[in-house]
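Student: Structure: protein-v4.cif, mmCIF, C-alpha atoms and all ligand atoms.
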```
data_start
loop_
_atom_site.label_atom_id
_atom_site.label_comp_id
_atom_site.auth_asym_id
_atom_site.auth_seq_id
_atom_site.Cartn_x
_atom_site.Cartn_y
_atom_site.Cartn_z
CA MET A 10 12.31 -0.42 -0.65
CA THR A 11 13.10 3.06 0.61
CA TYR A 12 10.81 5.96 1.43
CA SER A 13 11.87 7.80 -1.69
CA SER A 14 11.44 4.83 -4.02
CA PHE A 15 8.00 4.31 -2.48
CA LEU A 16 7.02 7.93 -3.07
CA LYS A 17 8.31 7.83 -6.62
CA ALA A 18 6.25 4.73 -7.37
CA GLU A 19 3.19 6.37 -5.82
CA PHE A 20 3.47 9.36 -8.15
CA LEU A 21 4.07 7.08 -11.13
CA VAL A 22 0.95 5.06 -10.33
CA LEU A 23 -1.10 8.22 -9.85
CA TRP A 24 0.17 9.49 -13.18
CA ARG A 25 -0.92 6.23 -14.87
CA ARG A 26 -4.27 6.61 -13.14
CA LYS A 27 -4.76 10.15 -14.37
CA GLN A 28 -8.11 9.20 -15.89
CA ASP A 29 -9.47 8.43 -12.39
CA VAL A 30 -8.09 11.68 -11.04
CA PHE A 31 -9.60 13.54 -13.95
CA ASN A 32 -12.96 11.87 -13.30
CA ALA A 33 -12.94 13.07 -9.69
CA LEU A 34 -12.20 16.58 -10.92
CA LEU A 35 -14.94 16.36 -13.52
CA PHE A 36 -17.37 15.14 -10.88
CA PHE A 37 -16.44 18.09 -8.69
CA ILE A 38 -16.98 20.59 -11.49
CA ILE A 39 -20.30 19.04 -12.48
CA VAL A 40 -21.65 19.22 -8.93
CA VAL A 41 -20.65 22.86 -8.65
CA VAL A 42 -22.02 23.76 -12.06
CA LEU A 43 -25.33 21.95 -11.56
CA PHE A 44 -26.09 23.91 -8.44
CA PRO A 45 -26.82 27.31 -9.99
CA ILE A 46 -28.66 25.59 -12.85
CA GLY A 47 -30.76 23.38 -10.61
CA VAL A 48 -31.46 25.59 -7.63
CA ASN A 49 -31.20 29.28 -8.23
CA SER A 50 -28.82 31.26 -10.38
CA SER A 51 -29.26 34.69 -8.82
CA PRO A 52 -26.16 36.28 -7.30
CA GLU A 53 -28.11 36.99 -4.07
CA PHE A 54 -28.58 33.26 -3.51
CA LEU A 55 -25.26 32.02 -4.86
CA ALA A 56 -22.78 34.42 -3.27
CA PRO A 57 -23.57 33.39 0.33
CA ALA A 58 -23.95 29.71 -0.62
CA ALA A 59 -20.80 29.48 -2.76
CA ALA A 60 -18.40 28.30 -0.06
CA GLY A 61 -20.84 25.65 1.13
CA ILE A 62 -21.40 24.35 -2.39
CA ILE A 63 -17.70 24.18 -3.17
CA TRP A 64 -16.88 22.51 0.13
CA CYS A 65 -19.58 19.86 -0.23
CA ALA A 66 -18.42 19.07 -3.75
CA THR A 67 -14.84 18.88 -2.50
CA VAL A 68 -15.79 16.46 0.27
CA LEU A 69 -17.58 14.17 -2.18
CA ALA A 70 -14.70 14.26 -4.67
CA VAL A 71 -12.19 13.48 -1.91
CA LEU A 72 -14.31 10.59 -0.61
CA MET A 73 -14.50 9.14 -4.10
CA ALA A 74 -10.76 9.41 -4.55
CA LEU A 75 -9.94 7.91 -1.15
CA GLU A 76 -12.22 4.92 -1.42
CA SER A 77 -9.79 3.29 -3.83
CA THR A 78 -6.58 4.36 -2.07
CA PHE A 79 -5.47 0.86 -1.11
CA LYS A 80 -7.65 -1.28 -3.40
CA GLU A 81 -5.14 -1.92 -6.18
CA ASP A 82 -2.26 -2.31 -3.77
CA HIS A 83 -4.26 -4.92 -1.91
CA ARG A 84 -5.19 -6.87 -5.02
CA ASP A 85 -1.65 -7.23 -6.34
CA GLY A 86 -0.09 -7.86 -2.93
CA SER A 87 2.00 -4.70 -2.84
CA LEU A 88 0.13 -3.56 0.27
CA GLU A 89 1.40 -6.67 2.05
CA GLN A 90 4.90 -5.78 0.89
CA LEU A 91 4.54 -2.38 2.56
CA VAL A 92 3.49 -4.03 5.82
CA VAL A 93 6.56 -6.29 5.82
CA SER A 94 9.02 -3.81 4.32
CA GLY A 95 10.63 -2.96 7.64
CA LEU A 96 9.85 0.71 6.96
CA SER A 97 7.46 2.58 9.22
CA LEU A 98 3.95 1.88 7.93
CA PRO A 99 2.46 5.10 9.40
CA LEU A 100 5.16 7.13 7.66
CA LEU A 101 4.52 5.36 4.34
CA ILE A 102 0.85 6.20 4.77
CA VAL A 103 1.65 9.88 5.37
CA LEU A 104 3.71 9.91 2.16
CA LYS A 105 0.91 8.24 0.26
CA ILE A 106 -1.58 10.84 1.48
CA ILE A 107 0.73 13.71 0.59
CA ALA A 108 0.99 12.33 -2.95
CA GLN A 109 -2.79 11.93 -3.17
CA TRP A 110 -3.43 15.38 -1.75
CA LEU A 111 -1.17 17.00 -4.33
CA VAL A 112 -2.69 15.09 -7.21
CA VAL A 113 -6.33 15.58 -6.20
CA MET A 114 -6.29 19.03 -4.59
CA LEU A 115 -3.99 20.97 -6.90
CA PRO A 116 -6.18 20.59 -10.01
CA LEU A 117 -9.18 21.37 -7.85
CA LEU A 118 -7.57 24.56 -6.57
CA ILE A 119 -6.67 25.57 -10.11
CA THR A 120 -10.32 25.44 -11.21
CA MET A 121 -11.32 27.51 -8.20
CA PRO A 122 -11.07 31.04 -9.68
CA LEU A 123 -13.40 30.06 -12.50
CA LEU A 124 -15.92 28.32 -10.25
CA ALA A 125 -15.84 31.13 -7.68
CA GLU A 126 -16.60 33.58 -10.49
CA MET A 127 -19.51 31.41 -11.60
CA LEU A 128 -20.94 31.37 -8.09
CA TYR A 129 -20.51 35.15 -7.70
CA LEU A 130 -18.13 34.71 -4.79
CA PRO A 131 -16.59 38.17 -4.07
CA SER A 132 -12.82 38.35 -3.97
CA SER A 133 -12.81 38.86 -0.19
CA GLY A 134 -14.49 35.48 0.20
CA PHE A 135 -12.40 33.90 -2.55
CA TRP A 136 -9.11 34.15 -0.72
CA ALA A 137 -10.70 32.91 2.48
CA LEU A 138 -12.05 29.95 0.52
CA ILE A 139 -8.61 29.15 -0.90
CA GLY A 140 -7.22 29.47 2.60
CA THR A 141 -9.76 27.05 4.08
CA LEU A 142 -9.17 24.55 1.28
CA LEU A 143 -5.41 24.67 1.78
CA VAL A 144 -5.49 24.33 5.56
CA GLY A 145 -8.65 22.27 5.94
CA SER A 146 -8.49 19.71 3.15
CA PRO A 147 -5.54 17.74 4.58
CA SER A 148 -7.79 16.66 7.44
CA LEU A 149 -10.30 15.34 4.88
CA PHE A 150 -7.57 13.12 3.49
CA PHE A 151 -6.17 12.00 6.80
CA ILE A 152 -9.60 11.13 8.19
CA GLY A 153 -10.86 9.59 4.96
CA VAL A 154 -7.90 7.30 4.48
CA ILE A 155 -8.89 5.42 7.63
CA GLY A 156 -12.13 4.53 5.87
CA GLY A 157 -10.18 3.64 2.75
CA ALA A 158 -8.05 1.21 4.74
CA LEU A 159 -11.04 -0.34 6.49
CA THR A 160 -12.88 -0.96 3.23
CA VAL A 161 -9.92 -2.44 1.35
CA SER A 162 -11.29 -5.94 1.23
CA ILE A 163 -14.96 -5.02 0.92
CA LYS A 164 -16.14 -5.62 -2.61
CA GLN A 165 -19.60 -4.15 -2.40
CA GLY A 166 -20.92 -1.17 -0.53
CA ALA A 167 -17.50 0.26 0.16
CA MET A 168 -18.81 3.74 -0.60
CA LEU A 169 -21.51 3.20 2.03
CA VAL A 170 -18.88 2.48 4.66
CA MET A 171 -17.02 5.56 3.53
CA LEU A 172 -20.11 7.60 4.32
CA LEU A 173 -19.69 6.54 7.95
CA ILE A 174 -16.75 8.91 8.19
CA LEU A 175 -18.84 11.80 6.86
CA PRO A 176 -19.82 12.97 10.38
CA PHE A 177 -16.14 13.55 11.12
CA TYR A 178 -16.05 15.90 8.15
CA LEU A 179 -18.82 18.13 9.50
CA PRO A 180 -16.63 20.31 11.76
CA VAL A 181 -14.26 20.93 8.84
CA ILE A 182 -17.13 21.93 6.55
CA ILE A 183 -18.74 24.11 9.24
CA PHE A 184 -15.57 26.01 10.16
CA SER A 185 -14.65 26.49 6.52
CA THR A 186 -17.98 27.96 5.52
CA LEU A 187 -18.01 30.13 8.64
CA ALA A 188 -14.58 31.44 7.73
CA VAL A 189 -15.70 32.38 4.22
CA LYS A 190 -18.89 33.98 5.57
CA ALA A 191 -16.84 36.03 8.04
CA ALA A 192 -14.52 37.12 5.26
CA GLN A 193 -17.44 38.16 3.08
CA ALA A 194 -18.82 40.22 5.97
CA GLY A 195 -15.45 41.91 6.35
CA LEU A 196 -14.77 40.23 9.71
CA PRO A 197 -11.50 38.58 10.73
CA TYR A 198 -11.44 34.87 9.95
CA SER A 199 -7.95 33.79 10.99
CA GLY A 200 -9.43 32.12 14.09
CA PHE A 201 -11.36 29.73 11.88
CA LEU A 202 -8.26 28.99 9.82
CA ALA A 203 -6.40 28.26 13.03
CA MET A 204 -9.14 25.81 14.01
CA LEU A 205 -8.91 24.12 10.61
CA LEU A 206 -5.14 23.94 10.89
CA ALA A 207 -5.47 22.40 14.34
CA MET A 208 -7.84 19.75 12.97
CA SER A 209 -5.49 18.95 10.11
CA LEU A 210 -2.53 18.62 12.46
CA LEU A 211 -4.47 16.50 14.91
CA SER A 212 -5.60 14.14 12.16
CA LEU A 213 -2.04 14.06 10.79
CA VAL A 214 -0.83 12.81 14.15
CA ILE A 215 -3.59 10.28 14.84
CA SER A 216 -4.74 8.95 11.48
CA PRO A 217 -1.52 7.31 10.17
CA PHE A 218 -1.42 5.05 13.22
CA MET A 219 -5.08 4.11 12.99
CA THR A 220 -4.75 3.59 9.25
CA ALA A 221 -1.71 1.37 9.77
CA ILE A 222 -3.71 -0.81 12.17
CA ALA A 223 -6.57 -1.01 9.67
CA VAL A 224 -4.20 -1.86 6.83
CA LYS A 225 -2.59 -4.67 8.81
CA ALA A 226 -6.02 -6.08 9.62
CA SER A 227 -7.18 -5.77 6.02
CA VAL A 228 -4.14 -7.46 4.55
CA ASN A 229 -5.17 -10.71 6.18
CA ALA A 230 -8.93 -10.40 5.88
CA MET B 24 23.79 -9.82 3.37
CA GLN B 25 24.79 -10.90 6.86
CA SER B 26 27.74 -13.25 7.13
CA PHE B 27 26.02 -15.39 9.73
CA ALA B 28 22.35 -15.26 10.55
CA SER B 29 19.85 -17.44 12.29
CA LEU B 30 16.14 -17.60 12.85
CA THR B 31 14.76 -19.32 15.90
CA ILE B 32 11.10 -20.05 16.38
CA SER B 33 9.92 -21.39 19.68
CA ASP B 34 6.54 -22.61 20.89
CA LEU B 35 4.67 -20.93 18.10
CA TRP B 36 0.88 -21.08 18.27
CA ILE B 37 -1.02 -19.79 15.26
CA GLU B 38 -4.78 -19.66 15.26
CA ARG B 39 -6.76 -18.64 12.23
CA ALA B 40 -10.44 -18.85 11.48
CA GLU B 41 -10.99 -20.36 14.95
CA ARG B 42 -8.67 -23.24 14.15
CA ASP B 43 -5.23 -24.02 15.53
CA LEU B 44 -2.84 -24.22 12.61
CA CYS B 45 0.09 -25.11 14.80
CA LYS B 46 0.71 -25.25 18.51
CA GLY B 47 4.09 -25.50 20.18
CA LEU B 48 5.93 -25.40 16.87
CA SER B 49 9.66 -24.89 17.26
CA PHE B 50 12.44 -24.95 14.72
CA SER B 51 15.49 -22.98 13.81
CA VAL B 52 17.14 -22.01 10.58
CA GLN B 53 20.74 -21.02 10.07
CA SER B 54 22.90 -19.63 7.34
CA GLY B 55 23.07 -22.15 4.53
CA ASP B 56 19.74 -23.80 5.30
CA VAL B 57 16.92 -24.35 2.86
CA VAL B 58 13.85 -25.32 4.84
CA ARG B 59 10.73 -26.62 3.20
CA ILE B 60 7.39 -26.34 4.96
CA LEU B 61 5.12 -29.26 4.21
CA GLY B 62 1.44 -29.75 4.81
CA GLU B 63 -1.88 -30.26 3.12
CA ASN B 64 -3.85 -27.46 1.53
CA GLY B 65 -5.09 -25.27 4.34
CA ALA B 66 -2.61 -26.69 6.84
CA GLY B 67 -1.22 -23.23 7.46
CA LYS B 68 1.95 -23.06 5.41
CA SER B 69 1.24 -19.59 4.08
CA SER B 70 0.08 -18.42 7.49
CA LEU B 71 3.35 -19.58 9.05
CA LEU B 72 5.39 -17.56 6.55
CA LYS B 73 3.18 -14.52 7.19
CA VAL B 74 3.70 -14.87 10.92
CA ILE B 75 7.47 -15.11 10.51
CA VAL B 76 7.65 -11.99 8.37
CA GLY B 77 5.21 -10.13 10.61
CA ALA B 78 2.14 -9.74 8.42
CA LEU B 79 0.13 -11.89 10.82
CA SER B 80 0.30 -12.12 14.61
CA PRO B 81 0.63 -15.42 16.43
CA GLU B 82 -1.28 -16.18 19.61
CA GLU B 83 1.85 -17.19 21.43
CA GLY B 84 5.49 -17.98 20.81
CA ARG B 85 8.81 -16.29 20.37
CA ILE B 86 10.77 -15.43 17.27
CA ALA B 87 14.43 -14.50 17.40
CA TYR B 88 16.54 -13.29 14.51
CA SER B 89 20.32 -13.53 14.78
CA GLY B 90 20.07 -13.55 18.54
CA GLU B 91 17.69 -10.61 18.85
CA ASP B 92 14.14 -11.14 20.06
CA VAL B 93 11.88 -9.82 17.32
CA THR B 94 8.60 -11.21 18.64
CA LEU B 95 7.09 -7.78 19.27
CA ASP B 96 8.91 -5.65 16.74
CA ARG B 97 9.78 -7.47 13.56
CA SER B 98 11.55 -4.57 11.83
CA ILE B 99 15.11 -5.94 12.20
CA LEU B 100 14.03 -9.18 10.59
CA GLN B 101 11.96 -7.39 7.93
CA GLN B 102 14.86 -5.23 6.83
CA ASP B 103 16.83 -8.37 6.14
CA ALA B 104 14.02 -10.52 4.75
CA LEU B 105 12.50 -10.94 1.33
CA TYR B 106 8.94 -12.24 1.34
CA ILE B 107 7.06 -13.31 -1.76
CA GLY B 108 3.50 -14.37 -1.04
CA HIS B 109 0.71 -15.84 -3.13
CA SER B 110 0.03 -12.38 -4.53
CA VAL B 111 3.55 -11.52 -5.44
CA GLY B 112 3.37 -7.79 -4.77
CA VAL B 113 4.15 -6.50 -8.23
CA LYS B 114 2.42 -3.27 -9.14
CA GLN B 115 0.18 -3.78 -12.16
CA ARG B 116 0.39 -0.23 -13.47
CA LEU B 117 4.16 0.04 -13.33
CA SER B 118 6.53 -1.39 -15.91
CA VAL B 119 8.90 -4.25 -15.13
CA ALA B 120 11.85 -1.91 -14.60
CA GLU B 121 9.80 0.53 -12.52
CA ASN B 122 8.64 -2.31 -10.31
CA ILE B 123 12.19 -3.40 -9.68
CA ARG B 124 13.31 0.14 -8.93
CA TRP B 125 10.40 0.42 -6.49
CA TYR B 126 11.69 -2.56 -4.55
CA CYS B 127 15.45 -2.28 -5.14
CA PRO B 128 16.08 1.43 -5.76
CA ASP B 129 19.87 1.18 -5.55
CA VAL B 130 20.40 -1.42 -8.23
CA CYS B 131 22.60 -0.21 -11.08
CA THR B 132 21.45 -0.48 -14.66
CA ASN B 133 23.93 -3.14 -15.79
CA VAL B 134 23.01 -5.48 -12.98
CA LEU B 135 19.34 -4.89 -13.66
CA HIS B 136 19.80 -5.74 -17.34
CA GLU B 137 21.73 -8.90 -16.50
CA ALA B 138 19.02 -10.11 -14.14
CA LEU B 139 16.25 -9.34 -16.60
CA LYS B 140 18.16 -11.16 -19.32
CA SER B 141 18.53 -14.31 -17.26
CA LEU B 142 14.83 -14.14 -16.37
CA GLU B 143 13.94 -13.55 -20.04
CA LEU B 144 12.22 -10.32 -19.17
CA ILE B 145 14.59 -7.98 -20.96
CA ASP B 146 12.21 -7.44 -23.88
CA TYR B 147 9.45 -6.48 -21.47
CA MET B 148 11.47 -4.02 -19.44
CA ASP B 149 9.18 -1.09 -20.21
CA THR B 150 5.96 -3.07 -20.52
CA PRO B 151 3.32 -2.47 -17.85
CA VAL B 152 3.06 -5.59 -15.69
CA LYS B 153 -0.69 -5.89 -16.31
CA LYS B 154 0.15 -6.88 -19.87
CA LEU B 155 2.31 -9.82 -18.73
CA SER B 156 1.29 -13.42 -18.09
CA ALA B 157 1.04 -14.89 -14.59
CA GLY B 158 4.37 -16.66 -14.95
CA GLN B 159 6.07 -13.55 -16.24
CA THR B 160 4.60 -11.51 -13.39
CA ARG B 161 6.04 -14.02 -10.94
CA ARG B 162 9.40 -13.70 -12.66
CA VAL B 163 9.28 -9.94 -12.04
CA ALA B 164 8.87 -10.63 -8.34
CA LEU B 165 11.60 -13.27 -8.45
CA ALA B 166 13.99 -10.70 -9.93
CA ARG B 167 14.23 -9.42 -6.36
CA LEU B 168 16.08 -12.63 -5.49
CA TRP B 169 18.78 -11.60 -7.92
CA LEU B 170 18.83 -7.91 -7.10
CA SER B 171 18.26 -7.38 -3.40
CA GLN B 172 20.81 -8.24 -0.77
CA LYS B 173 18.49 -9.81 1.80
CA THR B 174 19.58 -12.78 3.88
CA LEU B 175 16.29 -14.48 4.74
CA TRP B 176 14.06 -15.54 1.88
CA LEU B 177 10.47 -16.47 2.63
CA LEU B 178 8.93 -17.89 -0.51
CA ASP B 179 5.32 -19.04 -0.64
CA GLU B 180 4.86 -21.54 -3.49
CA PRO B 181 7.60 -19.83 -5.51
CA PHE B 182 7.36 -22.38 -8.32
CA ALA B 183 3.68 -21.76 -9.00
CA SER B 184 2.97 -20.81 -12.64
CA LEU B 185 6.64 -21.03 -13.60
CA ASP B 186 7.69 -23.04 -16.66
CA VAL B 187 10.36 -25.76 -16.56
CA LYS B 188 13.13 -23.31 -17.32
CA GLY B 189 11.89 -20.93 -14.66
CA VAL B 190 11.84 -23.72 -12.09
CA GLU B 191 15.42 -24.70 -12.94
CA LEU B 192 16.58 -21.11 -12.76
CA LEU B 193 14.95 -20.59 -9.38
CA GLU B 194 16.29 -23.85 -7.93
CA GLU B 195 19.76 -22.84 -9.00
CA ARG B 196 19.39 -19.40 -7.47
CA ILE B 197 18.12 -20.82 -4.18
CA GLN B 198 21.10 -23.15 -4.02
CA GLN B 199 23.52 -20.32 -4.71
CA HIS B 200 21.93 -18.25 -1.98
CA ALA B 201 22.23 -21.04 0.56
CA LEU B 202 25.87 -21.63 -0.40
CA ALA B 203 26.57 -17.93 0.05
CA GLY B 204 25.26 -18.14 3.61
CA GLY B 205 21.65 -17.16 3.07
CA MET B 206 18.55 -18.74 4.57
CA VAL B 207 15.55 -19.90 2.60
CA ILE B 208 12.18 -21.02 3.92
CA LEU B 209 9.76 -22.11 1.26
CA THR B 210 6.48 -23.89 0.86
CA SER B 211 6.11 -26.04 -2.19
CA HIS B 212 4.43 -29.08 -3.61
CA GLN B 213 7.34 -29.65 -5.97
CA ASN B 214 9.70 -32.41 -5.12
CA LEU B 215 12.74 -30.54 -3.98
CA LEU B 216 14.60 -33.26 -2.13
CA SER B 217 17.81 -32.21 -3.79
CA LEU B 218 17.25 -28.67 -2.71
CA ALA B 219 15.82 -28.65 0.77
CA SER B 220 18.14 -29.42 3.61
CA ARG B 221 15.27 -29.84 6.06
CA ASP B 222 11.49 -30.16 6.23
CA VAL B 223 9.05 -28.73 8.70
CA MET B 224 5.80 -30.63 8.78
CA LEU B 225 2.51 -28.95 9.62
CA LEU B 226 0.04 -31.57 10.76
CA PRO B 227 -3.63 -30.88 10.44
N1 LIG A 301 -7.68 -14.63 4.67
C1 LIG A 301 -8.04 -15.54 5.58
N2 LIG A 301 -8.92 -15.24 6.55
C2 LIG A 301 -9.28 -16.13 7.48
N3 LIG A 301 -8.80 -17.36 7.53
C3 LIG A 301 -7.93 -17.74 6.61
C4 LIG A 301 -7.49 -16.86 5.59
N4 LIG A 301 -6.61 -17.50 4.80
C5 LIG A 301 -6.50 -18.73 5.32
N5 LIG A 301 -7.28 -18.89 6.40
C6 LIG A 301 -7.41 -20.09 7.22
O1 LIG A 301 -6.12 -20.51 7.57
C7 LIG A 301 -5.93 -21.86 7.21
C8 LIG A 301 -4.55 -22.03 6.64
O2 LIG A 301 -4.45 -21.31 5.44
P1 LIG A 301 -3.08 -21.19 4.68
O3 LIG A 301 -2.03 -20.76 5.63
O4 LIG A 301 -3.31 -20.34 3.48
O5 LIG A 301 -2.83 -22.71 4.26
P2 LIG A 301 -1.82 -23.34 3.21
O6 LIG A 301 -0.93 -22.25 2.70
O7 LIG A 301 -1.09 -24.39 3.98
O8 LIG A 301 -2.62 -23.96 2.13
C9 LIG A 301 -7.04 -22.22 6.23
O9 LIG A 301 -7.54 -23.48 6.53
C10 LIG A 301 -8.09 -21.20 6.45
O10 LIG A 301 -9.10 -21.74 7.27
MG MG A 302 -0.66 -21.40 0.85
#
```
I'd like the structure from this file rewritten - as structure tokens, please.

Tutor:
Amino acid sequence: MTYSSFLKAEFLVLWRRKQDVFNALLFFIIVVVLFPIGVNSSPEFLAPAAAGIIWCATVLAVLMALESTFKEDHRDGSLEQLVVSGLSLPLLIVLKIIAQWLVVMLPLLITMPLLAEMLYLPSSGFWALIGTLLVGSPSLFFIGVIGGALTVSIKQGAMLVMLLILPFYLPVIIFSTLAVKAAQAGLPYSGFLAMLLAMSLLSLVISPFMTAIAVKASVNA
Amino acid sequence: MQSFASLTISDLWIERAERDLCKGLSFSVQSGDVVRILGENGAGKSSLLKVIVGALSPEEGRIAYSGEDVTLDRSILQQDALYIGHSVGVKQRLSVAENIRWYCPDVCTNVLHEALKSLELIDYMDTPVKKLSAGQTRRVALARLWLSQKTLWLLDEPFASLDVKGVELLEERIQQHALAGGMVILTSHQNLLSLASRDVMLLP
């Protein structure tokens, strides 16, 4: 096995699993669409709430996608093969997350103009929102994958365990919505983006090692 | 494949589920050896293979590969070892050929076809593995024995769910590998007296 053959197989598997990916996207859209219908559809309410709504839906969609990150690999024994491949497990995990991020986040970003329009998000806020999603969402993946590795061998209630990592998502959600609010008020928001970037980089450095430890423990559980 | 390789295990102590599976186990394997690990169900045969390949940590003991101490960092051994466990590590959503390219990316098409022909998988080359039978799935994993150039083979019950022809094919391949200077450690209930050059007994 090499890093490139691993990455290629990851993309192939994700392509075969496109139904799951599509379901996560559908879930995301439904959450966002239900909000104006269920709560309040006036622009005065929606415009300030838009970033929060989109970010919460994103977090849920990402959690759903990550819960199953290692499940199939564990069942067929290919996860064990990764552990004993002689390649760096943390690096393989980084590659896996990059593949997942591309496959989950790109479609989500593509639907964003439409959803932002629906939530009356002004264009000033829109670009800030895209910015926060681009810089902030990697940390969601890097943090969430630790939960995915810990719950590999749990058959029931895995989603419940995943919710344990939700508190670690709060700073990301808070800084993102603050950034969009600042942008909507015409204030500079690059400081918030820098914070988000810092969180993503920090989780990039720490999470692969923690995930590797969790994977090794799970393989033999 | 290395021209001469050796694996030395000394004073190995494996504990699992609060039970000592082995304590003070020592043995060594050299190029040309086929070692069979014997023991009852639950004696710790699979665990021993996992410890050797580095999927499981022992309580104590040293493992050396070709003279290098790999007790703490198994990567030298892993790069030269092929491990097939109870779950064979074949990706269900990928086709047979894709699975092989995942594991052995550098194999050229002719060689791949030859191996799949001898394993009677050639007609299933582009079939997703989840549509294959258990024995066929195991054959996909065994294709690695034909296609990768690893020295140390660690095979956990490799004959499970194989038919008579599959067993013969695998025995032949193991023998070839040993003759070519490879090392094989396997666990099996099959009577392989002709095959194994040595036994390691795990007592309960
Ligand atoms: N996944 C596991 N988690 C905890 N203990 C295990 C696990 N698998 C096996 N064991 C314990 O290790 C012992 C040895 O198992 P194993 O190595 O699979 O035996 P064998 O392959 O010889 O049949 C078993 O008796 C069992 O108690
Ligand atoms: Mg066993």

Student: Atom CA of Asn122 of chain B and atom CA of Ala166 of chain B are how many Å apart?

Tutor: 10.0 Å

Student: Using only C-alpha atoms and all ligand atoms, which of B:Leu95, B:Ala28, B:Ala78, B:Leu178 sits nearest ligand MG 302 (chain A)?

Tutor: B:Leu178

Student: Of the residues B:His200, B:His136, B:Lys154, B:Arg116, which is the one nearest to Leu23 of chain A, using all atoms listed in the file?

Tutor: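 Residue with the minimum atom-to-atom distance to Leu23 of chain A: B:Arg116.
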
Student: Out of A:Ile183, A:Phe15, A:Arg26, A:Ala70, which residue has the shortest atom-to-atom distance to Leu96 of chain A when counting all atoms listed in the file?

Tutor: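 Checking each of A:Ile183, A:Phe15, A:Arg26, A:Ala70 against Leu96 of chain A, counting all atoms listed in the file, the winner is A:Phe15.
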
Student: As an exercise, work out the distance from atom CA of Pro57 of chain A to atom CA of Val112 of chain A in Å and give it to one decimal place.

Tutor: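 Pair atom CA of Pro57 of chain A / atom CA of Val112 of chain A returns 28.8 Å.
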
Student: Please give me, as a PyMOL selection string, the residues lying within 9 Å of ligand LIG 301 (chain A) when counting only C-alpha atoms and all ligand atoms.

Tutor: (chain A and resi 227-230) or (chain B and resi 38-44+60-73+109+179-180+210+225)

Student: Starting from chain B, keep only residues with some atom at most 10 Å from an atom of chain A, counting all atoms listed in the file, and report them as a ChimeraX atom specification.

Tutor: /B:70,73,76-80,96-117,121-129,171

Student: Can you work out which one of A:Tyr129, A:Phe150, A:Tyr178, A:Phe31 has the shortest atom-to-atom distance to Glu53 of chain A, counting only C-alpha atoms?

Tutor: A:Tyr129
